[in-house]
Amino acid sequence: MNRWFGIALAVAAVVSGIALFGWKGAILALSLIVFWLLLQFSQLMKVMRTANESPLGHVSSALMLQSRLHPGMTLVQLIRLCRSLGVKVAPDTYRWADAGGDAVEVVLKGGKVTHWTLIRAQGDAVVDAADTASAPPPPSPDRLA
């Protein structure tokens with residue numbers, strides 16, 4: 001949810017609560033706001049607990065991670081997807097690697113994914129996110145015959 005939309009919704013709940021039910025409505029609206037904030041906090045703590053249980057910068061498959069990334073993902077969504085915290089390799093750049101040596105470097109600006117790069121272990125080939133978006137899909141095995 002957009003931050004400003006959430007604030008506007010909270011203010012609207014308090015104003016409508018006061019208008020309809022007086023001070024009791026204001027207390028009800030504030031209780032709902034606190035409950036919503038506690039839900040957000042518990043979701044964040046669950047993501048961080050999951051990330052704490054796995055090694056730093058490790059992901060099961062860097063290739064699958066690269067295929068699931070999209071611009072605009074928040075940091076919490078990225079950590080939920082990776083199930084671990086990334087290793088910081090440069091300002092605003094984090095790396096996740098798998099057991100095979102493949103790695104994904106993700107650039108974040110303002111807490112959102114802007115760009116990522118897949119680094120393959122074989123031959124040190126670098127695959128850029130822009131290259132994968134414009135590349136044609138590989139031919140299927142039945143078309144090769």
# chains A, B, ... in the order shown; residues from 1 in each chain; ligands from 1
>>> select_by_dssp(residues="chain A", states="strand (DSSP E)", output="VMD selection string")
chain A and resid 87 to 90 93 to 97 103 to 109 112 to 119 126 to 128
>>> residues_around(residues="region 99-110 of chain A", least_positions_apart="5", cutoff="12 Å", atoms="only C-alpha atoms", output="PyMOL selection string")
chain A and resi 55+57-76+78-79+82+85-94+115-129
>>> atom_distance(atom1="CA of Phe35 (chain A)", atom2="CA of Arg3 (chain A)")
16.6 Å
>>> atom_distance(atom1="CA of Leu30 (chain A)", atom2="CA of Val47 (chain A)")
26.0 Å
>>> atom_distance(atom1="CA of Leu56 (chain A)", atom2="CA of Ser84 (chain A)")
6.0 Å
>>> residues_around(residues="Ser31 (chain A)", least_positions_apart="4", cutoff="12 Å", atoms="only C-alpha atoms", output="PDB file with N, CA and C atoms, in the first residue's frame")
ATOM      1  N   ALA A  10      -6.127   6.355   7.479  1.00  0.00           N
ATOM      2  CA  ALA A  10      -6.165   6.432   8.937  1.00  0.00           C
ATOM      3  C   ALA A  10      -6.835   7.727   9.400  1.00  0.00           C
ATOM      4  N   ALA A  13     -10.503   7.430   8.858  1.00  0.00           N
ATOM      5  CA  ALA A  13     -11.145   6.565   9.856  1.00  0.00           C
ATOM      6  C   ALA A  13     -11.374   7.325  11.155  1.00  0.00           C
ATOM      7  N   VAL A  14     -10.388   8.109  11.581  1.00  0.00           N
ATOM      8  CA  VAL A  14     -10.541   8.880  12.830  1.00  0.00           C
ATOM      9  C   VAL A  14     -11.622   9.941  12.666  1.00  0.00           C
ATOM     10  N   GLY A  17     -15.001   8.301  12.457  1.00  0.00           N
ATOM     11  CA  GLY A  17     -15.354   7.753  13.768  1.00  0.00           C
ATOM     12  C   GLY A  17     -15.846   8.828  14.710  1.00  0.00           C
ATOM     13  N   LYS A  24     -16.105   7.672  21.280  1.00  0.00           N
ATOM     14  CA  LYS A  24     -16.040   6.209  21.166  1.00  0.00           C
ATOM     15  C   LYS A  24     -15.604   5.785  19.762  1.00  0.00           C
ATOM     16  N   GLY A  25     -16.052   6.509  18.762  1.00  0.00           N
ATOM     17  CA  GLY A  25     -15.639   6.233  17.392  1.00  0.00           C
ATOM     18  C   GLY A  25     -14.171   6.529  17.178  1.00  0.00           C
ATOM     19  N   ALA A  26     -13.680   7.604  17.826  1.00  0.00           N
ATOM     20  CA  ALA A  26     -12.259   7.932  17.716  1.00  0.00           C
ATOM     21  C   ALA A  26     -11.403   6.836  18.336  1.00  0.00           C
ATOM     22  N   ILE A  27     -11.837   6.311  19.471  1.00  0.00           N
ATOM     23  CA  ILE A  27     -11.085   5.230  20.130  1.00  0.00           C
ATOM     24  C   ILE A  27     -11.133   3.964  19.279  1.00  0.00           C
ATOM     25  N   PHE A  35      -4.003  -1.879  15.534  1.00  0.00           N
ATOM     26  CA  PHE A  35      -4.064  -3.283  15.126  1.00  0.00           C
ATOM     27  C   PHE A  35      -3.422  -3.481  13.756  1.00  0.00           C
ATOM     28  N   TRP A  36      -3.689  -2.585  12.802  1.00  0.00           N
ATOM     29  CA  TRP A  36      -3.104  -2.671  11.471  1.00  0.00           C
ATOM     30  C   TRP A  36      -1.582  -2.528  11.539  1.00  0.00           C
ATOM     31  N   LEU A  37      -1.103  -1.588  12.359  1.00  0.00           N
ATOM     32  CA  LEU A  37       0.347  -1.413  12.513  1.00  0.00           C
ATOM     33  C   LEU A  37       0.993  -2.648  13.138  1.00  0.00           C
ATOM     34  N   LEU A  38       0.327  -3.275  14.096  1.00  0.00           N
ATOM     35  CA  LEU A  38       0.859  -4.499  14.697  1.00  0.00           C
ATOM     36  C   LEU A  38       0.902  -5.637  13.689  1.00  0.00           C
TER      37      LEU A  38
END
>>> select_by_dssp(residues="chain A", states="helix (DSSP H, G or I)", output="number ranges by chain")
A: 3-21, 23-52, 62-68, 75-82, 122-124, 129-134, 141-144
>>> residues_around(residues="Thr50 (chain A)", least_positions_apart="3", cutoff="8 Å", atoms="only C-alpha atoms", output="ChimeraX atom specification")
/A:46-47,53-54,80,83-84
>>> write_last_selection(atoms="C-alpha atoms", output="mmCIF file, in the first residue's frame")
data_model
loop_
_atom_site.group_PDB
_atom_site.id
_atom_site.type_symbol
_atom_site.label_atom_id
_atom_site.label_comp_id
_atom_site.auth_asym_id
_atom_site.auth_seq_id
_atom_site.Cartn_x
_atom_site.Cartn_y
_atom_site.Cartn_z
ATOM 1 C CA LYS A 46 8.326 -13.068 10.329
ATOM 2 C CA VAL A 47 10.315 -12.154 7.203
ATOM 3 C CA GLU A 53 17.669 -18.784 9.750
ATOM 4 C CA SER A 54 19.633 -18.992 6.479
ATOM 5 C CA ARG A 80 10.830 -12.699 1.478
ATOM 6 C CA ARG A 83 14.744 -15.979 2.415
ATOM 7 C CA SER A 84 18.076 -14.444 3.398
#
>>> closest_residue(among="A:Trp96, A:Gly22, A:Leu9, A:Trp4", to="Leu81 (chain A)", atoms="only C-alpha atoms")
A:Trp96
